[in-house]
Amino acid sequence: MTKTTKIEIILNYHAGNGHAKNACKKVTNFLDQISLDYEIHLTKKDGDGVRIAKELANQQTPNVKIVVIGGDGTLNQCVNGVKESNYPDTPLGYIPGGSGNDFSRGIKLKIKNPVTLMQSILSLEQPRKIDIGKATGPTFSHYFINNIGIGFDASTVYYTNHSARKEFLNKLRLGTLSYLTNLLKAVKRQPAFVLDVDYGQKQKHFGSAYIVVATNHPYFGGGFAIDPTANPFNHHLNLVIVKKITGMTFVKLLSKLLTDGSHLQDKNVWHIERNDFTLRNTPKQFGQMDGEELDKHEFNLHFQVDHHLFWLPIKKEA
Ligand SMILES: Nc1ncnc2c1ncn2[C@@H]1O[C@H](COP(=O)(O)OP(=O)(O)OP(=O)(O)O)[C@@H](O)[C@H]1O
């Protein structure tokens, strides 16, 4: 059995309004107790996760585990950093500390206590392979751990990030409520748009697309199951498209989504599960990737399933 001699911690102390910082404090107290060497690498601004993870992966120091403490956005950046490095298969440990934490929910990570999770990460001999997605376009190439959305959910992310109440609600651990109130704002402002999908030898045209989500596992927005059938271990991505609907039809669909997931059977919803597909929208729409804003674009993206190795205590088929 090889013994871990050092933990390189990538910390976004800002994530989850202090949640990540608290988790890191507990973890480092534990590492001090067991006299295990560690170093904290703080992300100070957007993009630092990519840079730090790339640098650490390039070092390839034996018996060192890299552990990310932050939210989905931080983990997204660290995965992209490792993939950009000379050692793109370098495993990452992860201790969730965000406000939404959709990735840990999606992979059914059972351990919530950061110290217990750190103990499990230390005891793992082999990393686990988990699906991630890759989206590539003329000026865009990124891996994602949760989903990429175009239109409605991306507008919701935009309004949530720009809302004065977000920090306040996050402090009260009500990040999901913040998302929900901004979702109502997006209902008023998000227009229908044109979307074309290529999958296999087939094409599908939508004259009035409204919600478009390419997803690796069921959740977005801090626990909303946009596609309850998505599975981050089946080597497929799922695509959910909801046509523009208004009034009670929308409310009914939303209540199905929030309760039993029967929205997938609704006639206004189209859904596929595949290892690749292409999406093109017009005119420009908001995009979101793992809860982070993408500017408004006429996206032209090819999606394909990929995988990454994680130091995480989950069964092979969760
Ligand atoms: N020191 C920092 N100060 C401000 N923002 C930071 C800092 N470090 C990283 N960031 C940015 O914080 C953003 C949010 O991070 P992250 O997604 O991890 O947390 P979260 O939004 O609380 O969690 P979740 O996505 O799970 O809801 C990311 O865009 C990241 O680039």
# chains A, B, ... in the order shown; residues from 1 in each chain; ligands from 1

$ residues_near_ligand --ligand "ligand 1" --cutoff "7 Å" --atoms "only C-alpha atoms and all ligand atoms" --output "number ranges by chain"
A: 12-17, 42-49, 70-75, 97-102, 222, 290-292

$ residues_around --residues "Leu122 of chain A" --least-positions-apart "3" --cutoff "8 Å" --atoms "only C-alpha atoms" --output "ChimeraX atom specification"
/A:4,118-119

$ select_by_dssp --residues "segment 171-316 of chain A" --states "strand (DSSP E)" --output "PyMOL selection string"
chain A and resi 193-199+202-215+219-220+224-225+237-243+269-274+276-282+285-289+292-297+300-311

$ closest_atom_pairs --of "segment 129-148 of chain A" --to "segment 200-219 of chain A" --cutoff "7 Å" --atoms "only C-alpha atoms" --output "JSON lines"
{"residue": "A:Ile132", "atom": "CA", "partner": "A:Asn216", "partner_atom": "CA", "distance": 6.3}
{"residue": "A:Gly133", "atom": "CA", "partner": "A:Asn216", "partner_atom": "CA", "distance": 6.4}
{"residue": "A:Ile145", "atom": "CA", "partner": "A:Asn216", "partner_atom": "CA", "distance": 6.8}
{"residue": "A:Asn146", "atom": "CA", "partner": "A:Asn216", "partner_atom": "CA", "distance": 5.4}
{"residue": "A:Asn147", "atom": "CA", "partner": "A:Thr215", "partner_atom": "CA", "distance": 4.2}
{"residue": "A:Ile148", "atom": "CA", "partner": "A:Ala214", "partner_atom": "CA", "distance": 5.4}

$ write_last_selection --atoms "N, CA and C atoms" --output "mmCIF file, in the first residue's frame"
data_model
loop_
_atom_site.group_PDB
_atom_site.id
_atom_site.type_symbol
_atom_site.label_atom_id
_atom_site.label_comp_id
_atom_site.auth_asym_id
_atom_site.auth_seq_id
_atom_site.Cartn_x
_atom_site.Cartn_y
_atom_site.Cartn_z
ATOM 1 N N ILE A 132 -17.495 12.900 -17.487
ATOM 2 C CA ILE A 132 -17.648 14.356 -17.566
ATOM 3 C C ILE A 132 -18.023 14.646 -19.020
ATOM 4 N N GLY A 133 -18.390 15.878 -19.325
ATOM 5 C CA GLY A 133 -18.715 16.211 -20.711
ATOM 6 C C GLY A 133 -17.631 17.098 -21.299
ATOM 7 N N ILE A 145 -18.516 19.262 -15.668
ATOM 8 C CA ILE A 145 -18.793 18.154 -14.743
ATOM 9 C C ILE A 145 -20.290 17.935 -14.564
ATOM 10 N N ASN A 146 -21.065 19.021 -14.713
ATOM 11 C CA ASN A 146 -22.520 18.924 -14.518
ATOM 12 C C ASN A 146 -23.249 19.077 -15.855
ATOM 13 N N ASN A 147 -23.345 20.329 -16.306
ATOM 14 C CA ASN A 147 -24.110 20.585 -17.527
ATOM 15 C C ASN A 147 -23.740 21.911 -18.179
ATOM 16 N N ILE A 148 -24.171 22.010 -19.428
ATOM 17 C CA ILE A 148 -24.140 23.290 -20.146
ATOM 18 C C ILE A 148 -25.570 23.578 -20.550
#

$ atom_distance --atom1 "atom CA of Ala57 of chain A" --atom2 "atom CA of Lys25 of chain A"
23.6 Å

$ closest_residue --among "A:Gln288, A:Asn234, A:Asn281, A:Thr249" --to "Lys267 of chain A" --atoms "only C-alpha atoms"
A:Thr249

$ select_by_dssp --residues "segment 252-315 of chain A" --states "alpha helix (DSSP H)" --output "PyMOL selection string"
chain A and resi 252-259

$ write_last_selection --atoms "N, CA and C atoms" --output "tab-separated table (two decimals), in the first residue's frame"
chain	number	residue	atom	x	y	z
A	252	LYS	N	-47.38	23.97	-14.60
A	252	LYS	CA	-47.61	22.52	-14.43
A	252	LYS	C	-46.33	21.74	-14.72
A	253	LEU	N	-45.63	22.14	-15.79
A	253	LEU	CA	-44.39	21.45	-16.15
A	253	LEU	C	-43.35	21.61	-15.04
A	254	LEU	N	-43.26	22.84	-14.51
A	254	LEU	CA	-42.29	23.11	-13.44
A	254	LEU	C	-42.62	22.28	-12.20
A	255	SER	N	-43.93	22.15	-11.90
A	255	SER	CA	-44.28	21.37	-10.70
A	255	SER	C	-43.97	19.89	-10.92
A	256	LYS	N	-44.08	19.40	-12.17
A	256	LYS	CA	-43.68	18.01	-12.45
A	256	LYS	C	-42.18	17.85	-12.22
A	257	LEU	N	-41.41	18.85	-12.70
A	257	LEU	CA	-39.95	18.81	-12.55
A	257	LEU	C	-39.57	18.81	-11.07
A	258	LEU	N	-40.29	19.62	-10.28
A	258	LEU	CA	-39.93	19.76	-8.87
A	258	LEU	C	-40.41	18.58	-8.03
A	259	THR	N	-41.38	17.82	-8.55
A	259	THR	CA	-41.93	16.73	-7.72
A	259	THR	C	-41.46	15.35	-8.17

$ closest_residue --among "A:Val115, A:Leu109, A:Leu301, A:Ile7" --to "Val64 of chain A" --atoms "only C-alpha atoms"
A:Ile7

$ closest_residue --among "A:Val240, A:Ala192, A:Val251, A:Val82" --to "Trp270 of chain A" --atoms "only C-alpha atoms"
A:Val240

$ residues_around --residues "Tyr159 of chain A" --least-positions-apart "2" --cutoff "12 Å" --atoms "only C-alpha atoms" --output "JSON, numbers by chain"
{"A": [152, 153, 154, 155, 156, 157, 161, 162, 163, 164, 165, 166, 178, 179, 180, 181, 182, 183, 184, 185, 186, 187, 188, 189, 190, 286, 288, 291, 292, 293]}

$ residues_around --residues "Val27 of chain A" --least-positions-apart "5" --cutoff "10 Å" --atoms "only C-alpha atoms" --output "number ranges by chain"
A: 9, 21-22, 32-33, 69, 95, 113-119

$ atom_distance --atom1 "atom CA of Ile226 of chain A" --atom2 "atom CA of Ile107 of chain A"
14.9 Å

$ atom_distance --atom1 "atom CA of Asp227 of chain A" --atom2 "atom CA of Arg128 of chain A"
23.1 Å

$ closest_residue --among "A:Leu124, A:Leu56, A:Leu312, A:Met289" --to "Ser141 of chain A" --atoms "only C-alpha atoms"
A:Met289

$ closest_residue --among "A:Asp131, A:Asp266, A:Asp260, A:Asp196" --to "Gln304 of chain A" --atoms "only C-alpha atoms"
A:Asp131
